[in-house]
Amino acid sequence: MLQYHTVPVTAFQQNCSLVWCDESRQAAVIDPGGDIDRLLAELDQRDLTLEQIWLTHAHIDHAGGTAELAKRLNLPIIGPHPGDQFWIDGLPQQSQMFGFPPAGLFSPTRWLHDGDTVTLGRHTLQVRHCPGHTPGHVVFYSPEMKRAFVGDVLFAGSIGRTDFPQGNHAQLIASITERLWPMGDDTVFIPGHGPESTFGRERQSNPYVGGT
Ligand SMILES: [Zn+2]
Ligand SMILES: [Zn+2]
């Protein structure tokens, strides 16, 4: 079975998720924005071996701790989509602008594209490219867990900001309605910030995409 635990990190309370196989104890971390020592303690507590870093997009609160963590444990960095290269290049400026600890630069070991999969032991998650908040944003979907890790695409009662460079509101709405909704109304999503919800609940009541 796959399991997960979400740890809010950085001043932005970004939902960093640990995902693991409860038989092999192999783990991946989604969006290690910072607070690396705390993440390592959470892994330690559960007796997990961290093997991979998966990134939804390259905003500082999601990717800021990636270089440090990859270096410390010699981990592969998987994702995001190449559309976010300019956000990775801008991590030093992002950390200065938002008062974050200096973020190191990194090169993804593997870029992700729509329809790709990532694997953890015997388990597979699907990758969907969901641009709009950033051009290279991806989400990770586990049909087995009926969970989707959606970063800053969709929130309980809200949607991602699109007022950044290369943000695109129409594209974001299309990502949500064409790529998230088909995952099913009863699928629970873990957003980049704030509480979990289901796609069904958002389809009904989200003021930005309700009724779609
Ligand atoms: Zn973001
Ligand atoms: Zn965020």
# chains A, B, ... in the order shown; residues from 1 in each chain; ligands from 1
>>> residues_around(residues="segment 176-178 of chain A", least_positions_apart="2", cutoff="9 Å", atoms="only C-alpha atoms", output="compact mmCIF listing (two decimals) with N, CA and C atoms, in the first residue's frame")
# COMPACT_ATOMS: atom_id res chain seq x y z
N CYS A 130 -0.20 20.38 -16.03
CA CYS A 130 -1.31 21.29 -15.73
C CYS A 130 -0.84 22.74 -15.70
N VAL A 153 -2.29 24.30 -8.43
CA VAL A 153 -3.29 24.35 -9.51
C VAL A 153 -4.67 24.65 -8.93
N LEU A 154 -5.02 23.90 -7.89
CA LEU A 154 -6.38 23.99 -7.32
C LEU A 154 -6.28 23.92 -5.80
N ILE A 159 -8.41 28.72 -6.63
CA ILE A 159 -7.51 28.19 -7.68
C ILE A 159 -6.18 28.92 -7.58
N GLN A 171 -5.73 28.88 -19.39
CA GLN A 171 -4.99 27.61 -19.41
C GLN A 171 -5.17 26.87 -18.07
N LEU A 172 -5.16 27.63 -16.97
CA LEU A 172 -5.34 27.01 -15.66
C LEU A 172 -6.72 26.36 -15.55
N ILE A 173 -7.74 27.08 -16.00
CA ILE A 173 -9.10 26.54 -15.94
C ILE A 173 -9.19 25.26 -16.77
N ALA A 174 -8.55 25.28 -17.95
CA ALA A 174 -8.57 24.09 -18.81
C ALA A 174 -7.82 22.94 -18.14
N LEU A 180 -7.87 17.44 -14.30
CA LEU A 180 -8.13 17.01 -12.91
C LEU A 180 -9.51 16.37 -12.78
N TRP A 181 -10.53 16.98 -13.30
CA TRP A 181 -11.89 16.43 -13.12
C TRP A 181 -12.01 14.98 -13.57
N PRO A 182 -11.35 14.59 -14.68
CA PRO A 182 -11.48 13.17 -15.09
C PRO A 182 -10.92 12.18 -14.08
N ARG A 203 -16.08 20.83 -7.78
CA ARG A 203 -16.94 20.97 -8.97
C ARG A 203 -18.28 21.56 -8.59
N VAL A 209 -14.36 27.46 -10.41
CA VAL A 209 -14.55 26.36 -11.37
C VAL A 209 -15.78 25.51 -11.03
N THR A 212 -18.45 23.41 -13.53
CA THR A 212 -17.80 23.01 -14.78
C THR A 212 -17.64 21.50 -14.78
>>> residues_near_ligand(ligand="ligand 2", cutoff="7 Å", atoms="only C-alpha atoms and all ligand atoms", output="CSV table (one decimal) with N, CA and C atoms, in the first residue's frame")
chain,number,residue,atom,x,y,z
A,14,GLN,N,3.7,25.6,3.0
A,14,GLN,CA,3.5,24.8,1.8
A,14,GLN,C,3.4,23.4,2.1
A,59,HIS,N,8.3,27.2,-7.9
A,59,HIS,CA,8.2,28.3,-7.0
A,59,HIS,C,9.0,28.0,-5.8
A,61,ASP,N,8.6,28.3,-2.6
A,61,ASP,CA,8.0,27.6,-1.4
A,61,ASP,C,7.9,26.1,-1.7
A,62,HIS,N,8.0,25.7,-3.0
A,62,HIS,CA,7.8,24.3,-3.3
A,62,HIS,C,9.2,23.6,-3.6
A,151,GLY,N,-0.2,20.6,-6.2
A,151,GLY,CA,0.5,21.8,-6.0
A,151,GLY,C,-0.4,23.0,-6.0
A,152,ASP,N,-0.1,24.1,-6.8
A,152,ASP,CA,-0.8,25.3,-6.7
A,152,ASP,C,-1.8,25.4,-7.9
A,192,GLY,N,-1.3,22.6,-2.7
A,192,GLY,CA,0.0,23.2,-2.2
A,192,GLY,C,-0.1,24.0,-0.9
A,193,HIS,N,-1.3,24.4,-0.6
A,193,HIS,CA,-1.6,25.2,0.6
A,193,HIS,C,-3.0,24.9,1.1
>>> select_by_dssp(residues="segment 4-209 of chain A", states="strand (DSSP E or B)", output="NGL selection string")
:A and (4-9 or 14-21 or 26-30 or 49-54 or 77-78 or 110 or 117-120 or 123-129 or 138-142 or 147-151 or 154-155 or 158-159 or 188-191 or 197-198)
>>> select_by_dssp(residues="segment 171-200 of chain A", states="alpha helix (DSSP H)", output="PDB file with N, CA and C atoms, in the first residue's frame")
ATOM      1  N   GLN A 171      -5.726  28.883 -19.392  1.00  0.00           N
ATOM      2  CA  GLN A 171      -4.993  27.609 -19.411  1.00  0.00           C
ATOM      3  C   GLN A 171      -5.170  26.868 -18.073  1.00  0.00           C
ATOM      4  N   LEU A 172      -5.159  27.625 -16.970  1.00  0.00           N
ATOM      5  CA  LEU A 172      -5.337  27.010 -15.655  1.00  0.00           C
ATOM      6  C   LEU A 172      -6.720  26.359 -15.547  1.00  0.00           C
ATOM      7  N   ILE A 173      -7.743  27.082 -15.998  1.00  0.00           N
ATOM      8  CA  ILE A 173      -9.103  26.541 -15.936  1.00  0.00           C
ATOM      9  C   ILE A 173      -9.189  25.260 -16.772  1.00  0.00           C
ATOM     10  N   ALA A 174      -8.550  25.283 -17.954  1.00  0.00           N
ATOM     11  CA  ALA A 174      -8.571  24.091 -18.815  1.00  0.00           C
ATOM     12  C   ALA A 174      -7.825  22.936 -18.135  1.00  0.00           C
ATOM     13  N   PHE A 199     -12.374  16.456  -5.714  1.00  0.00           N
ATOM     14  CA  PHE A 199     -12.724  17.129  -6.970  1.00  0.00           C
ATOM     15  C   PHE A 199     -14.238  17.326  -7.049  1.00  0.00           C
ATOM     16  N   GLY A 200     -14.995  16.361  -6.531  1.00  0.00           N
ATOM     17  CA  GLY A 200     -16.450  16.483  -6.567  1.00  0.00           C
ATOM     18  C   GLY A 200     -16.947  17.702  -5.805  1.00  0.00           C
TER      19      GLY A 200
END
>>> atom_distance(atom1="atom CA of Pro76 of chain A", atom2="atom CA of Phe106 of chain A")
10.6 Å
>>> atom_distance(atom1="atom CA of Gly210 of chain A", atom2="atom CA of Val188 of chain A")
16.3 Å
>>> closest_residue(among="A:Gly211, A:Gly64, A:Gly132, A:Gly194", to="Gly104 of chain A", atoms="only C-alpha atoms")
A:Gly64
>>> closest_residue(among="A:Ile36, A:Leu120, A:Val150, A:Leu91", to="Ala70 of chain A", atoms="only C-alpha atoms")
A:Ile36
>>> residues_around(residues="Glu196 of chain A", least_positions_apart="4", cutoff="12 Å", atoms="only C-alpha atoms", output="list in words")
His5, Thr6, Asn15, Arg147, Ala148, Phe149, Val150, Gly151, Leu154, Phe155, Ala156, Gly157, Ser158, Thr187, Val188, Phe189, Ile190, Pro191, Gly192, Arg201 and Glu202 of chain A
>>> closest_residue(among="A:Leu2, A:Ala58, A:Leu18, A:Val139", to="ligand 1", atoms="only C-alpha atoms and all ligand atoms")
A:Ala58
>>> closest_residue(among="A:Arg179, A:His169, A:His133, A:His57", to="Pro32 of chain A", atoms="only C-alpha atoms")
A:His57
>>> closest_residue(among="A:Lys146, A:His81, A:His137, A:Arg122", to="Asn168 of chain A", atoms="only C-alpha atoms")
A:His137
>>> decode(residues="segment 34-69 of chain A", atoms="N, CA and C atoms", output="PDB file, in the first residue's frame")
ATOM      1  N   GLY A  34      11.522  23.630   1.857  1.00  0.00           N
ATOM      2  CA  GLY A  34      12.461  24.058   2.894  1.00  0.00           C
ATOM      3  C   GLY A  34      12.267  23.202   4.132  1.00  0.00           C
ATOM      4  N   ASP A  35      12.809  23.688   5.265  1.00  0.00           N
ATOM      5  CA  ASP A  35      12.699  22.948   6.536  1.00  0.00           C
ATOM      6  C   ASP A  35      13.177  21.500   6.382  1.00  0.00           C
ATOM      7  N   ILE A  36      14.326  21.344   5.746  1.00  0.00           N
ATOM      8  CA  ILE A  36      14.846  20.022   5.406  1.00  0.00           C
ATOM      9  C   ILE A  36      15.060  19.146   6.649  1.00  0.00           C
ATOM     10  N   ASP A  37      15.577  19.740   7.719  1.00  0.00           N
ATOM     11  CA  ASP A  37      15.825  18.927   8.924  1.00  0.00           C
ATOM     12  C   ASP A  37      14.523  18.351   9.475  1.00  0.00           C
ATOM     13  N   ARG A  38      13.469  19.148   9.410  1.00  0.00           N
ATOM     14  CA  ARG A  38      12.171  18.665   9.884  1.00  0.00           C
ATOM     15  C   ARG A  38      11.676  17.511   9.009  1.00  0.00           C
ATOM     16  N   LEU A  39      11.852  17.621   7.707  1.00  0.00           N
ATOM     17  CA  LEU A  39      11.433  16.548   6.794  1.00  0.00           C
ATOM     18  C   LEU A  39      12.226  15.270   7.067  1.00  0.00           C
ATOM     19  N   LEU A  40      13.523  15.425   7.296  1.00  0.00           N
ATOM     20  CA  LEU A  40      14.349  14.249   7.560  1.00  0.00           C
ATOM     21  C   LEU A  40      13.927  13.583   8.866  1.00  0.00           C
ATOM     22  N   ALA A  41      13.540  14.384   9.857  1.00  0.00           N
ATOM     23  CA  ALA A  41      13.075  13.824  11.127  1.00  0.00           C
ATOM     24  C   ALA A  41      11.766  13.052  10.935  1.00  0.00           C
ATOM     25  N   GLU A  42      10.882  13.591  10.100  1.00  0.00           N
ATOM     26  CA  GLU A  42       9.604  12.909   9.822  1.00  0.00           C
ATOM     27  C   GLU A  42       9.850  11.555   9.138  1.00  0.00           C
ATOM     28  N   LEU A  43      10.833  11.528   8.236  1.00  0.00           N
ATOM     29  CA  LEU A  43      11.171  10.279   7.547  1.00  0.00           C
ATOM     30  C   LEU A  43      11.761   9.270   8.530  1.00  0.00           C
ATOM     31  N   ASP A  44      12.643   9.782   9.372  1.00  0.00           N
ATOM     32  CA  ASP A  44      13.320   8.961  10.370  1.00  0.00           C
ATOM     33  C   ASP A  44      12.325   8.287  11.312  1.00  0.00           C
ATOM     34  N   GLN A  45      11.397   9.107  11.794  1.00  0.00           N
ATOM     35  CA  GLN A  45      10.349   8.636  12.712  1.00  0.00           C
ATOM     36  C   GLN A  45       9.579   7.457  12.146  1.00  0.00           C
ATOM     37  N   ARG A  46       9.378   7.471  10.822  1.00  0.00           N
ATOM     38  CA  ARG A  46       8.592   6.422  10.172  1.00  0.00           C
ATOM     39  C   ARG A  46       9.464   5.325   9.590  1.00  0.00           C
ATOM     40  N   ASP A  47      10.763   5.440   9.840  1.00  0.00           N
ATOM     41  CA  ASP A  47      11.691   4.420   9.350  1.00  0.00           C
ATOM     42  C   ASP A  47      11.645   4.298   7.820  1.00  0.00           C
ATOM     43  N   LEU A  48      11.647   5.458   7.144  1.00  0.00           N
ATOM     44  CA  LEU A  48      11.539   5.479   5.686  1.00  0.00           C
ATOM     45  C   LEU A  48      12.882   5.808   5.049  1.00  0.00           C
ATOM     46  N   THR A  49      13.102   5.251   3.860  1.00  0.00           N
ATOM     47  CA  THR A  49      14.295   5.575   3.090  1.00  0.00           C
ATOM     48  C   THR A  49      13.896   6.478   1.939  1.00  0.00           C
ATOM     49  N   LEU A  50      14.346   7.725   1.999  1.00  0.00           N
ATOM     50  CA  LEU A  50      13.996   8.672   0.941  1.00  0.00           C
ATOM     51  C   LEU A  50      14.840   8.386  -0.292  1.00  0.00           C
ATOM     52  N   GLU A  51      14.155   8.186  -1.424  1.00  0.00           N
ATOM     53  CA  GLU A  51      14.859   7.800  -2.653  1.00  0.00           C
ATOM     54  C   GLU A  51      14.723   8.809  -3.786  1.00  0.00           C
ATOM     55  N   GLN A  52      13.682   9.646  -3.738  1.00  0.00           N
ATOM     56  CA  GLN A  52      13.436  10.527  -4.880  1.00  0.00           C
ATOM     57  C   GLN A  52      12.810  11.831  -4.414  1.00  0.00           C
ATOM     58  N   ILE A  53      13.085  12.886  -5.190  1.00  0.00           N
ATOM     59  CA  ILE A  53      12.402  14.169  -5.024  1.00  0.00           C
ATOM     60  C   ILE A  53      11.521  14.379  -6.247  1.00  0.00           C
ATOM     61  N   TRP A  54      10.247  14.648  -6.025  1.00  0.00           N
ATOM     62  CA  TRP A  54       9.310  14.944  -7.119  1.00  0.00           C
ATOM     63  C   TRP A  54       8.856  16.392  -6.962  1.00  0.00           C
ATOM     64  N   LEU A  55       8.875  17.146  -8.056  1.00  0.00           N
ATOM     65  CA  LEU A  55       8.505  18.564  -8.009  1.00  0.00           C
ATOM     66  C   LEU A  55       7.285  18.852  -8.866  1.00  0.00           C
ATOM     67  N   THR A  56       6.314  19.582  -8.289  1.00  0.00           N
ATOM     68  CA  THR A  56       5.152  20.007  -9.087  1.00  0.00           C
ATOM     69  C   THR A  56       5.493  21.237  -9.916  1.00  0.00           C
ATOM     70  N   HIS A  57       6.207  22.196  -9.318  1.00  0.00           N
ATOM     71  CA  HIS A  57       6.627  23.403 -10.034  1.00  0.00           C
ATOM     72  C   HIS A  57       7.742  24.053  -9.232  1.00  0.00           C
ATOM     73  N   ALA A  58       8.337  25.097  -9.825  1.00  0.00           N
ATOM     74  CA  ALA A  58       9.600  25.594  -9.256  1.00  0.00           C
ATOM     75  C   ALA A  58       9.465  26.912  -8.510  1.00  0.00           C
ATOM     76  N   HIS A  59       8.313  27.186  -7.926  1.00  0.00           N
ATOM     77  CA  HIS A  59       8.238  28.324  -7.018  1.00  0.00           C
ATOM     78  C   HIS A  59       9.021  28.013  -5.753  1.00  0.00           C
ATOM     79  N   ILE A  60       9.540  29.075  -5.132  1.00  0.00           N
ATOM     80  CA  ILE A  60      10.476  28.933  -4.016  1.00  0.00           C
ATOM     81  C   ILE A  60       9.910  28.100  -2.855  1.00  0.00           C
ATOM     82  N   ASP A  61       8.614  28.276  -2.553  1.00  0.00           N
ATOM     83  CA  ASP A  61       8.047  27.557  -1.397  1.00  0.00           C
ATOM     84  C   ASP A  61       7.886  26.060  -1.681  1.00  0.00           C
ATOM     85  N   HIS A  62       7.957  25.691  -2.963  1.00  0.00           N
ATOM     86  CA  HIS A  62       7.831  24.278  -3.348  1.00  0.00           C
ATOM     87  C   HIS A  62       9.188  23.640  -3.641  1.00  0.00           C
ATOM     88  N   ALA A  63      10.112  24.424  -4.212  1.00  0.00           N
ATOM     89  CA  ALA A  63      11.375  23.860  -4.707  1.00  0.00           C
ATOM     90  C   ALA A  63      12.608  24.379  -3.979  1.00  0.00           C
ATOM     91  N   GLY A  64      12.419  25.296  -3.028  1.00  0.00           N
ATOM     92  CA  GLY A  64      13.560  25.979  -2.414  1.00  0.00           C
ATOM     93  C   GLY A  64      14.544  25.078  -1.689  1.00  0.00           C
ATOM     94  N   GLY A  65      14.091  23.929  -1.159  1.00  0.00           N
ATOM     95  CA  GLY A  65      14.996  23.048  -0.428  1.00  0.00           C
ATOM     96  C   GLY A  65      15.543  21.910  -1.283  1.00  0.00           C
ATOM     97  N   THR A  66      15.201  21.921  -2.565  1.00  0.00           N
ATOM     98  CA  THR A  66      15.540  20.790  -3.440  1.00  0.00           C
ATOM     99  C   THR A  66      17.040  20.564  -3.568  1.00  0.00           C
ATOM    100  N   ALA A  67      17.791  21.626  -3.869  1.00  0.00           N
ATOM    101  CA  ALA A  67      19.237  21.472  -4.098  1.00  0.00           C
ATOM    102  C   ALA A  67      19.914  20.924  -2.842  1.00  0.00           C
ATOM    103  N   GLU A  68      19.556  21.495  -1.688  1.00  0.00           N
ATOM    104  CA  GLU A  68      20.182  21.059  -0.432  1.00  0.00           C
ATOM    105  C   GLU A  68      19.862  19.588  -0.136  1.00  0.00           C
ATOM    106  N   LEU A  69      18.588  19.231  -0.269  1.00  0.00           N
ATOM    107  CA  LEU A  69      18.175  17.858   0.049  1.00  0.00           C
ATOM    108  C   LEU A  69      18.790  16.853  -0.938  1.00  0.00           C
TER     109      LEU A  69
END
